[in-house]
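The structure appears below as structure tokens.
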Amino acid sequence: MTLQLIILLPLLGGIVAWISERRGSSDVRWIALITLAADFALLLSVWAGHPAAAGASRVLLDENLPWIPQLGIGFHLSMDGLSLLMALLTVFLGAIAVLVSWTEIRERIGAFHFHLLACLTGILGVFLSADLFLFFVFYEVMLIPMYFLIVFWGEDAKGRVAAKFVMYTQAGGLLMLVSILGLYFAEGSGHTFDYNRLLATRAGASSALLMLGFFLAFGVKLPIIPLHGWQAETYSAAPTAGGIILSGLMAKAGAYGLIRFAIPLFPDAAHRFAPCAMGFGVIAILYGGLLAFSQTDLKRFIAYSSISHLGFVVLGAFAMNATAYQGVVMQMICHGLSVAGLFILAAVLRDNAGTNDIERLGGLWHSAPRLGVTGSLLAMATLGLPGLGNFIGEFLILLGVYKVSVTYAAIGAFGAVASTIYALWLVQRIFLGPRREGASIRDISGRSLVAAAALIAALLWLGLYPQPVLQRAEPSPRAVMGTPASDNSFELHPRILARALELPRE
Amino acid sequence: MLMLPEIIVVLTAGVVLCLDLFLTERSRVILAPVTLLGLALGFAALLVTPQTGDLLGGRFGMDPIAWWFKVIFLIAGFVTVILSMDLLDGRAAHRMRGIGFRGEYYTILLSTIVGMMFLISARETITLYVSLETATIPLFVLTAWRRDHVQSGEAGLKYVIIGALASAFILYGLSILYGLTGQTSIVGMSAKLADVPRPAFWLAAAMLMTGVGFKLTIVPFHMWAADVYEGAPAPVTAYLSVASKAAGLAFMFQVFYRIFGSELAGWTPLIAAFAAVTMSLGNLVAIVQDNIKRFMAFSAISQAGYLILGFLGPADNGVPAMLFYMLVYILSNLAVFACIVWYSNETGRERIEEYRGLSLTNPIMALGMMIALFSLAGIPPLSGFVGKFFLFSIAAKAGYNWLVAVAAVNSTISLFYYLRIVRQMYIEPIYEGAGTLPVRYTVAATVGLLSLAVALMGVIPYFYETIHAQTITWLASLIG
């Protein structure tokens with residue numbers, strides 16, 4: 001029941017919040033926050049109850065209810081270290097999103113929190129599903145609440161933008177659905193959607209196409225470069241909370257899909273496709289960085305820098321070795337935290353300085369030193385300064401990629417240089433430089449400050465003492481291969497990785 | 001006992017017609033509740049009648065499939081009466097001239113329902129044809145109900161001509177089969193088909209398929225749909241879009257599974273091609289529609305394209321998938337139409353752009369309509385997704401992966417145009433001075449219950465499991 005509860009709790013909280021608003025209660029935000037806190041406590045209890053050291057059982061919790069047995073569909077939820085980490089991130093960022101909406105959202109508060117929490121339910125479901133049908137359902141469930149978050153509480157041309165976002169994601173999702181069906185009917189699958197049993201299925205000749213379906217679906221969510229048409233507009237139209245969920249969590253759902261489904265389900269095809277996919281990753285890193293550099297709108301800047309950082313995820317995922325894999329997990333978490341921080345920065349600037357246009361900002365440090373420090377720290381995290389979590393992620397990824405391809409590692413490393421340039425440039429233009437007219441603004445304070453401080457604290461903790469997270473992310477590959485813990489220098493054949501990511505059979 | 005539901009519905013039709021003679025115009029409002037009561041009794045009777053058995057020397061048969069179809073017909077009829085009530089007894093009737101004659105209206109509606117119920121139970125080609133006509137001819141009348149409305153009359157005329165053409169095809173097909181086999185009973189006909197000379201058999205099969213194509217609005221036999229849907233009174237359009245389609249499917253079941261059996265196994269590429277063309281054309285044309293009834297016509301055409309995917313696979317997968325999707329489709333479509341009928345009655349507005357701001361004036365109705373539209377678009381976890389998923393999986397299993405890809409692309413396109421309406425309701429600014437529109441509690445309850453059912457059927461597997469289990473018993477009885 002624990003896993004079902006973890007998933008359903010936000011939804012229930014959302015319903016309660018909505019109803020209580022209708023009844024005239026003013027505690028909607030507190031209800032949402034308490035729900036998420038309870039969910040977080042639940043996850044922490046799972047963390048505490050299953051020490052990472054006991055590497056023998058890689059799966060922490062496994063709950064399988066029959067759903068539509070005629071078609072081999074089960075309500076199968078499963079949690080291993082990776083899922084646990086992602087679920088923690090989801091609930092944490094969810095709470096941050098509630099905090100930053102505290103003053104931003106003034107209309108239809110109940111409905112807003114319902115949609116926000118429903119979206120979180122979908123995302124948690126994605127991270128915990130061990131049945132492909134169920135996974136697809138949750139993958140789509142998170143879409144509609146997000147559509148409404150943008151439509152109701154967004155800015156600018158939100159209707160068109162939201163529709164574009166939905167169409168892109170839906171197109172990708174349906175490609176994945178076709179692939180799921182293809183896998184389901186592949187020879188020897190035993191007609192089941194169960195993840196563990198499908199891991200043993202080899203789709204044969206069509207596996208390359210099927211994998212491509214998954215890759216494109218997740219590529220839209222990440223996004224990778226030719227599929228990013230929806231992203232910048234959506235990020236800038238979405239309310240702050242929506243932006244945090246979109247970039248911090250939904251993009252991670254794409255990354256999670258790559259390392260949980262696309263690669264392990266089709267190891268051979270993924271192996272053949274790897275050079276190409278890593279090429280996409282490198283293109284995203286460099287081109288995203290280039291685009292980020294030329295933005296004047298802060299939210300658009302966040303969008304393109306996200307593309308660049310998630311390019312590392314694609315690069316690392318297809319390097320297919322344990323080092324890169326850990327780096328990917330680390331990068332997913334840290335990028336989620338830092339991008340949420342940047343969205344808070346954007347929200348504060350919009351509220352206090354009246355604009356997100358970088359060209360019109362400048363010299364804010366004097367009047368808003370706390371904001372300056374926050375912004376600089378987040379920029380440092382973005383550029384991958386050692387001591388902050390993102391560094392660990394990018395470093396491990398590059399280390400892993402280096403073992404596979406020196407070329408890609410070298411090009412990828414340029415991405416780190418690029419991000420240094422644009423992050424510093426950002427700090428310089430907003431906080432330093434000549435003071436523009438009206439440069440005296442109110443400083444960051446209250447809940448936004450708490451939220452930003454929590455994010456920075458988490459980033460610092462991950463940067464200085466990443467071991468607990470790495471351990472959680474790690475046992476899966478290592479336990480299977482039986483290599484000594486100190487030796488990270490092995491090549492990991494995709495088949496082994498597939499076995500490593502396997503969940504238990506009953 | 002087996003025929004009890006049909007008998008009750010026929011009796012209700014008689015009672016309504018007779019009551020109409022003795023009532024004053026003002027007191028005719030009780031006709032609709034009487035009709036509803038009759039349909040409810042028929043439904044209750046359906047629940048207690050045995051699910052298998054024969055009557056009239058095997059001319060009338062009952063099996064689980066027929067049972068489910070009758071459930072579908074009765075639900076469709078019931079909701080249609082509720083919607084018609086809103087039109088005929090409400091304020092709209094005073095505004096629109098030529099909308100009267102409630103007694104006849106409900107009688108005719110009941111007779112088409114009864115025709116459909118006999119259609120799926122017929123075990124003899126003459127009964128089959130007669131019940132098909134009983135189901136269809138009243139629809140022509142209903143379509144042309146607004147007598148002094150040009151579009152309604154035109155729609156009726158178009159429907160008569162096209163409907164007669166379709167019936168003629170079916171009749172020719174059945175006659176050829178009779179000539180070839182010398183049998184009118186479906187079982188006897190089916191048994192002798194193997195020895196029949198091929199070209200003649202193919203001609204008969206092609207004619208039957210063409211006739212059914214008209215009823216199911218399969219492209220290229222779809223062209224009547226948009227005009228008829230637009231011209232007919234809105235409740236009739238609702239009924240046409242669900243019941244007439246269900247009847248088409250029922251007839252297709254009769255022909256495809258009972259008469260032809262495995263004789264048409266080689267025809268699946270053709271069905272696949274029809275499915276692909278139907279869903280694509282329906283979808284593409286729906287994008288540019290402006291009138292919501294025309295829009296729903298093309299949406300219904302594309303849904304028919306998804307529906308016939310079920311014929312690609314073996315019956316034990318295909319039949320439950322199609323039945324389930326049919327059930328989901330009628331519930332979703334009726335929920336949408338309930339909103340359309342109500343909105344058009346209250347405001348006279350039928351253009352998609354005119355739905356703007358509905359979520360602010362009537363949030364519950366807008367929510368119900370949105371859920372139903374998303375179900376039609378196939379968004380999980382709503383039942384429309386589950387239904388589509390079953391159908392897609394049948395096509396994938398039969399090896400038509402290209403078709404699944406086409407269907408997936410079409411689903412994306414359909415999401416786009418269903419979102420158009422949602423956007424109007426939720427984003428666009430409200431009409432100036434628009435207040436909350438009054439909703440009859442019957443209509444509100446209908447929309448609420450239907451959308452709730454649409455949402456729950458996607459999550460609770462009971463319906464699909466039941467349909468699946470019953471199909472297996474049906475197939476076993478068909479073989480053994």
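Ordering of the structure tokens sets the chain letters (A, B, ...), residue numbers begin anew at 1 in every chain, and ligands are numbered from 1 in the order given.
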
* Given a cut-off of 6 Å, which residues of chain B touch chain A, counting only C-alpha atoms, written out as a ChimeraX atom specification? -> /B:380-381,397,408,412,461

What would the file look like if the residues just selected were written as a short mmCIF file (atom, residue, chain, number, x, y, z; two decimals), in the first residue's frame with all heavy atoms?
data_model
loop_
_atom_site.label_atom_id
_atom_site.label_comp_id
_atom_site.auth_asym_id
_atom_site.auth_seq_id
_atom_site.Cartn_x
_atom_site.Cartn_y
_atom_site.Cartn_z
N PRO B 380 -5.44 9.16 -21.44
CA PRO B 380 -5.56 8.37 -20.23
C PRO B 380 -5.73 9.27 -19.03
O PRO B 380 -5.28 10.42 -19.07
CB PRO B 380 -4.22 7.63 -20.16
CG PRO B 380 -3.31 8.31 -21.08
CD PRO B 380 -4.13 9.15 -22.01
N PRO B 381 -6.34 8.82 -17.93
CA PRO B 381 -6.84 7.47 -17.72
C PRO B 381 -8.31 7.33 -18.10
O PRO B 381 -8.97 6.44 -17.59
CB PRO B 381 -6.67 7.31 -16.21
CG PRO B 381 -6.92 8.69 -15.69
CD PRO B 381 -6.49 9.66 -16.75
N LYS B 397 -1.32 -6.50 -33.24
CA LYS B 397 -1.17 -7.96 -33.17
C LYS B 397 -1.36 -8.60 -34.54
O LYS B 397 -0.69 -9.57 -34.89
CB LYS B 397 -2.20 -8.52 -32.20
CG LYS B 397 -1.94 -9.95 -31.84
CD LYS B 397 -2.96 -10.44 -30.84
CE LYS B 397 -2.61 -11.83 -30.40
NZ LYS B 397 -3.64 -12.35 -29.50
N ALA B 408 -2.15 6.46 -34.47
CA ALA B 408 -1.53 7.29 -33.43
C ALA B 408 -1.41 8.74 -33.89
O ALA B 408 -1.73 9.66 -33.16
CB ALA B 408 -0.16 6.74 -33.07
N THR B 412 -3.29 12.20 -32.34
CA THR B 412 -2.69 13.50 -32.02
C THR B 412 -3.46 14.62 -32.68
O THR B 412 -3.76 15.64 -32.05
CB THR B 412 -1.23 13.53 -32.49
OG1 THR B 412 -0.62 12.32 -32.13
CG2 THR B 412 -0.51 14.69 -31.89
N PRO B 461 -11.56 -2.02 -14.26
CA PRO B 461 -11.55 -2.95 -15.39
C PRO B 461 -12.80 -3.82 -15.49
O PRO B 461 -12.92 -4.61 -16.40
CB PRO B 461 -10.32 -3.82 -15.10
CG PRO B 461 -10.17 -3.76 -13.63
CD PRO B 461 -10.67 -2.43 -13.19
#

* Running DSSP on the backbone, which parts of range 6-188 of chain A land in alpha helix (DSSP H), as number ranges by chain? -> A: 6-22, 28-49, 81-104, 109-128, 132-141, 143-153, 158-184

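Among the candidates B:Tyr418, B:Phe43, B:Phe221, B:Trp342, the residue lying nearest to Ala234 in chain B is B:Trp342 (atoms considered: only C-alpha atoms).
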
* Looking at B:Ile427, B:Leu2, B:Ala276, B:Val406, which one is nearest to Ala157 in chain A, with distances taken over only C-alpha atoms? ->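 Using only C-alpha atoms, Ala157 in chain A sits closest to B:Ile427.
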
Within 8 Å of Phe392 in chain B, counting only C-alpha atoms, which residues qualify if same-chain residues fewer than 2 places away don't, as a PDB file with all heavy atoms, in the first residue's frame?
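Just written: result00.pdb:
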ATOM      1  N   LEU B 309     -11.047  -1.133 -36.582  1.00  0.00           N
ATOM      2  CA  LEU B 309      -9.758  -1.813 -36.377  1.00  0.00           C
ATOM      3  C   LEU B 309      -9.988  -3.175 -35.738  1.00  0.00           C
ATOM      4  O   LEU B 309      -9.219  -4.102 -35.922  1.00  0.00           O
ATOM      5  CB  LEU B 309      -8.850  -0.987 -35.468  1.00  0.00           C
ATOM      6  CG  LEU B 309      -8.281   0.315 -35.999  1.00  0.00           C
ATOM      7  CD1 LEU B 309      -7.399   0.959 -34.944  1.00  0.00           C
ATOM      8  CD2 LEU B 309      -7.481   0.066 -37.243  1.00  0.00           C
ATOM      9  N   LYS B 388      -9.368   2.759 -27.087  1.00  0.00           N
ATOM     10  CA  LYS B 388      -8.493   2.903 -28.247  1.00  0.00           C
ATOM     11  C   LYS B 388      -7.297   1.980 -28.134  1.00  0.00           C
ATOM     12  O   LYS B 388      -6.846   1.381 -29.111  1.00  0.00           O
ATOM     13  CB  LYS B 388      -7.999   4.342 -28.338  1.00  0.00           C
ATOM     14  CG  LYS B 388      -8.711   5.149 -29.370  1.00  0.00           C
ATOM     15  CD  LYS B 388      -8.031   6.494 -29.494  1.00  0.00           C
ATOM     16  CE  LYS B 388      -8.993   7.453 -30.170  1.00  0.00           C
ATOM     17  NZ  LYS B 388      -8.527   8.818 -30.115  1.00  0.00           N
ATOM     18  N   PHE B 389      -6.802   1.885 -26.942  1.00  0.00           N
ATOM     19  CA  PHE B 389      -5.623   1.053 -26.725  1.00  0.00           C
ATOM     20  C   PHE B 389      -5.915  -0.395 -27.112  1.00  0.00           C
ATOM     21  O   PHE B 389      -5.113  -1.045 -27.788  1.00  0.00           O
ATOM     22  CB  PHE B 389      -5.222   1.152 -25.250  1.00  0.00           C
ATOM     23  CG  PHE B 389      -4.011   0.367 -24.901  1.00  0.00           C
ATOM     24  CD1 PHE B 389      -2.763   0.880 -25.169  1.00  0.00           C
ATOM     25  CD2 PHE B 389      -4.114  -0.875 -24.325  1.00  0.00           C
ATOM     26  CE1 PHE B 389      -1.631   0.164 -24.853  1.00  0.00           C
ATOM     27  CE2 PHE B 389      -2.998  -1.596 -24.015  1.00  0.00           C
ATOM     28  CZ  PHE B 389      -1.749  -1.075 -24.273  1.00  0.00           C
ATOM     29  N   PHE B 390      -7.074  -0.897 -26.691  1.00  0.00           N
ATOM     30  CA  PHE B 390      -7.422  -2.273 -27.054  1.00  0.00           C
ATOM     31  C   PHE B 390      -7.490  -2.428 -28.574  1.00  0.00           C
ATOM     32  O   PHE B 390      -6.975  -3.399 -29.137  1.00  0.00           O
ATOM     33  CB  PHE B 390      -8.773  -2.656 -26.454  1.00  0.00           C
ATOM     34  CG  PHE B 390      -8.763  -2.726 -24.947  1.00  0.00           C
ATOM     35  CD1 PHE B 390      -9.895  -2.423 -24.225  1.00  0.00           C
ATOM     36  CD2 PHE B 390      -7.622  -3.107 -24.266  1.00  0.00           C
ATOM     37  CE1 PHE B 390      -9.899  -2.480 -22.844  1.00  0.00           C
ATOM     38  CE2 PHE B 390      -7.614  -3.173 -22.887  1.00  0.00           C
ATOM     39  CZ  PHE B 390      -8.747  -2.865 -22.174  1.00  0.00           C
ATOM     40  N   ILE B 394      -5.072  -4.628 -31.185  1.00  0.00           N
ATOM     41  CA  ILE B 394      -5.508  -5.669 -32.111  1.00  0.00           C
ATOM     42  C   ILE B 394      -4.854  -5.482 -33.470  1.00  0.00           C
ATOM     43  O   ILE B 394      -4.351  -6.433 -34.085  1.00  0.00           O
ATOM     44  CB  ILE B 394      -7.042  -5.642 -32.228  1.00  0.00           C
ATOM     45  CG1 ILE B 394      -7.628  -6.255 -30.974  1.00  0.00           C
ATOM     46  CG2 ILE B 394      -7.515  -6.414 -33.439  1.00  0.00           C
ATOM     47  CD1 ILE B 394      -9.048  -5.952 -30.761  1.00  0.00           C
ATOM     48  N   ALA B 395      -4.828  -4.224 -33.922  1.00  0.00           N
ATOM     49  CA  ALA B 395      -4.185  -3.963 -35.211  1.00  0.00           C
ATOM     50  C   ALA B 395      -2.709  -4.324 -35.152  1.00  0.00           C
ATOM     51  O   ALA B 395      -2.158  -4.915 -36.079  1.00  0.00           O
ATOM     52  CB  ALA B 395      -4.362  -2.502 -35.589  1.00  0.00           C
ATOM     53  N   ALA B 396      -2.062  -3.996 -34.026  1.00  0.00           N
ATOM     54  CA  ALA B 396      -0.638  -4.307 -33.905  1.00  0.00           C
ATOM     55  C   ALA B 396      -0.427  -5.808 -33.920  1.00  0.00           C
ATOM     56  O   ALA B 396       0.501  -6.325 -34.541  1.00  0.00           O
ATOM     57  CB  ALA B 396      -0.083  -3.705 -32.617  1.00  0.00           C
ATOM     58  N   VAL B 404      -1.253   1.173 -37.019  1.00  0.00           N
ATOM     59  CA  VAL B 404      -1.208   1.697 -35.650  1.00  0.00           C
ATOM     60  C   VAL B 404      -0.537   3.066 -35.656  1.00  0.00           C
ATOM     61  O   VAL B 404      -0.973   3.989 -34.968  1.00  0.00           O
ATOM     62  CB  VAL B 404      -0.458   0.721 -34.722  1.00  0.00           C
ATOM     63  CG1 VAL B 404      -0.444   1.285 -33.316  1.00  0.00           C
ATOM     64  CG2 VAL B 404      -1.137  -0.617 -34.724  1.00  0.00           C
ATOM     65  N   ALA B 407      -2.972   5.506 -36.924  1.00  0.00           N
ATOM     66  CA  ALA B 407      -3.982   5.773 -35.904  1.00  0.00           C
ATOM     67  C   ALA B 407      -3.414   6.683 -34.821  1.00  0.00           C
ATOM     68  O   ALA B 407      -4.100   7.577 -34.320  1.00  0.00           O
ATOM     69  CB  ALA B 407      -4.484   4.472 -35.308  1.00  0.00           C
TER      70      ALA B 407
END

So which residues touch Ile82 in chain B within 8 Å, counting only C-alpha atoms, skipping near sequence neighbours fewer than 2 positions away, as an mmCIF file with C-alpha atoms, in the first residue's frame?
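Everything below was put into result-v4.cif:
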data_model
loop_
_atom_site.group_PDB
_atom_site.id
_atom_site.type_symbol
_atom_site.label_atom_id
_atom_site.label_comp_id
_atom_site.auth_asym_id
_atom_site.auth_seq_id
_atom_site.Cartn_x
_atom_site.Cartn_y
_atom_site.Cartn_z
ATOM 1 C CA ALA B 32 -41.448 12.101 -21.888
ATOM 2 C CA LEU B 36 -38.410 7.165 -19.864
ATOM 3 C CA PHE B 78 -32.860 6.913 -22.653
ATOM 4 C CA VAL B 79 -30.404 9.779 -22.898
ATOM 5 C CA THR B 80 -31.915 10.899 -26.194
ATOM 6 C CA SER B 84 -35.402 15.713 -26.411
ATOM 7 C CA MET B 85 -37.304 16.714 -23.297
ATOM 8 C CA ASP B 86 -35.007 19.678 -22.953
ATOM 9 C CA THR B 442 -32.179 16.108 -15.675
ATOM 10 C CA VAL B 443 -29.646 17.370 -18.193
#

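Relative to CA of Tyr106 in chain B, CA of Leu157 in chain B is found at 20.8 Å.
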
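Close contacts of Leu378 in chain A, defined as residues with an atom at most 10 Å away when counting only C-alpha atoms, with chain neighbours fewer than 2 positions off set aside, comprise Leu337, Ser338, Val339, Ala340, Gly341, Leu342, Leu345, Gly372, Val373, Thr374, Gly375, Ser376, Met380, Ala381, Thr382, Leu383, Gly384, Leu388, Ala423, Val427, Ala452, Leu455, Ile456 and Leu459 of chain A.
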
* Asked: What is the CA of Thr237 in chain B to CA of Tyr329 in chain B distance in Å?
  ->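 CA of Thr237 in chain B sits 14.7 Å away from CA of Tyr329 in chain B.
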
* Tell me, as number ranges by chain, which residues lie within 10 Å of Leu180 in chain B, counting only C-alpha atoms; anything in the same chain fewer than 5 positions away does not count. => B: 174-175, 189, 192-193, 195-197, 200-201, 204

Can I get the selection written as a PDB file, in the first residue's frame, with N, CA, C and O atoms?
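Final output, selection11.pdb:
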ATOM      1  N   LEU B 174     -28.092  -9.566 -49.647  1.00  0.00           N
ATOM      2  CA  LEU B 174     -28.770 -10.673 -48.980  1.00  0.00           C
ATOM      3  C   LEU B 174     -29.469 -11.565 -50.000  1.00  0.00           C
ATOM      4  O   LEU B 174     -29.466 -12.797 -49.884  1.00  0.00           O
ATOM      5  N   SER B 175     -30.084 -10.950 -51.047  1.00  0.00           N
ATOM      6  CA  SER B 175     -30.773 -11.775 -52.037  1.00  0.00           C
ATOM      7  C   SER B 175     -29.794 -12.665 -52.779  1.00  0.00           C
ATOM      8  O   SER B 175     -30.092 -13.841 -53.055  1.00  0.00           O
ATOM      9  N   MET B 189     -27.315 -20.446 -43.957  1.00  0.00           N
ATOM     10  CA  MET B 189     -26.577 -19.725 -44.984  1.00  0.00           C
ATOM     11  C   MET B 189     -25.074 -19.872 -44.757  1.00  0.00           C
ATOM     12  O   MET B 189     -24.316 -20.181 -45.670  1.00  0.00           O
ATOM     13  N   LYS B 192     -23.454 -23.197 -45.718  1.00  0.00           N
ATOM     14  CA  LYS B 192     -23.311 -23.565 -47.133  1.00  0.00           C
ATOM     15  C   LYS B 192     -22.352 -22.655 -47.898  1.00  0.00           C
ATOM     16  O   LYS B 192     -22.105 -22.869 -49.075  1.00  0.00           O
ATOM     17  N   LEU B 193     -21.854 -21.642 -47.224  1.00  0.00           N
ATOM     18  CA  LEU B 193     -21.071 -20.644 -47.947  1.00  0.00           C
ATOM     19  C   LEU B 193     -19.808 -21.201 -48.578  1.00  0.00           C
ATOM     20  O   LEU B 193     -19.366 -20.717 -49.613  1.00  0.00           O
ATOM     21  N   ASP B 195     -19.257 -23.739 -50.234  1.00  0.00           N
ATOM     22  CA  ASP B 195     -19.382 -24.358 -51.559  1.00  0.00           C
ATOM     23  C   ASP B 195     -19.873 -23.386 -52.620  1.00  0.00           C
ATOM     24  O   ASP B 195     -20.073 -23.758 -53.764  1.00  0.00           O
ATOM     25  N   VAL B 196     -20.058 -22.157 -52.220  1.00  0.00           N
ATOM     26  CA  VAL B 196     -20.646 -21.183 -53.134  1.00  0.00           C
ATOM     27  C   VAL B 196     -19.597 -20.712 -54.129  1.00  0.00           C
ATOM     28  O   VAL B 196     -18.436 -20.543 -53.773  1.00  0.00           O
ATOM     29  N   PRO B 197     -19.984 -20.523 -55.420  1.00  0.00           N
ATOM     30  CA  PRO B 197     -19.000 -20.010 -56.388  1.00  0.00           C
ATOM     31  C   PRO B 197     -18.476 -18.643 -55.976  1.00  0.00           C
ATOM     32  O   PRO B 197     -19.242 -17.779 -55.537  1.00  0.00           O
ATOM     33  N   ALA B 200     -19.515 -14.692 -57.316  1.00  0.00           N
ATOM     34  CA  ALA B 200     -20.857 -14.312 -56.875  1.00  0.00           C
ATOM     35  C   ALA B 200     -20.843 -14.003 -55.383  1.00  0.00           C
ATOM     36  O   ALA B 200     -21.440 -13.026 -54.920  1.00  0.00           O
ATOM     37  N   PHE B 201     -20.131 -14.828 -54.640  1.00  0.00           N
ATOM     38  CA  PHE B 201     -20.054 -14.605 -53.207  1.00  0.00           C
ATOM     39  C   PHE B 201     -19.398 -13.272 -52.899  1.00  0.00           C
ATOM     40  O   PHE B 201     -19.840 -12.505 -52.057  1.00  0.00           O
ATOM     41  N   ALA B 204     -21.735 -10.417 -53.407  1.00  0.00           N
ATOM     42  CA  ALA B 204     -22.681 -10.280 -52.303  1.00  0.00           C
ATOM     43  C   ALA B 204     -21.997  -9.643 -51.095  1.00  0.00           C
ATOM     44  O   ALA B 204     -22.527  -8.705 -50.472  1.00  0.00           O
TER      45      ALA B 204
END

* Asked: Smallest atom-to-atom distance to Trp67 in chain B: which of B:Thr49, B:Thr107, B:Gln151, B:Thr143, using only C-alpha atoms?
  -> B:Thr49

* Take CA of Tyr129 in chain B and CA of Phe251 in chain B and report the distance between them in Å, one decimal. =>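 Going from CA of Tyr129 in chain B over to CA of Phe251 in chain B covers 9.5 Å.
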
* If we count only C-alpha atoms, what is near Ala232 in chain B at a cut-off of 8 Å, once residues fewer than 4 positions away on the same chain are taken out, given as a VMD selection string? -> chain B and resid 142 to 146 151 to 152 155 to 156 228 236 to 237

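If you measure from each of B:Leu37, B:Met365, B:Leu358, B:Ala45 to Met1 in chain B using only C-alpha atoms, the closest one turns out to be B:Ala45.
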
* Asked: Of the candidates B:Gly173, B:Pro233, B:Gly266, B:Pro64, which shows the shortest atom-to-atom distance to Thr471 in chain B, using only C-alpha atoms?
  ->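 For Thr471 in chain B, the nearest of the candidates is B:Pro64.
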
* Structure fact -> Thr184 in chain B proximity check over B:Glu6, B:Glu346, B:Glu104, B:Glu124, using only C-alpha atoms: winner is B:Glu124
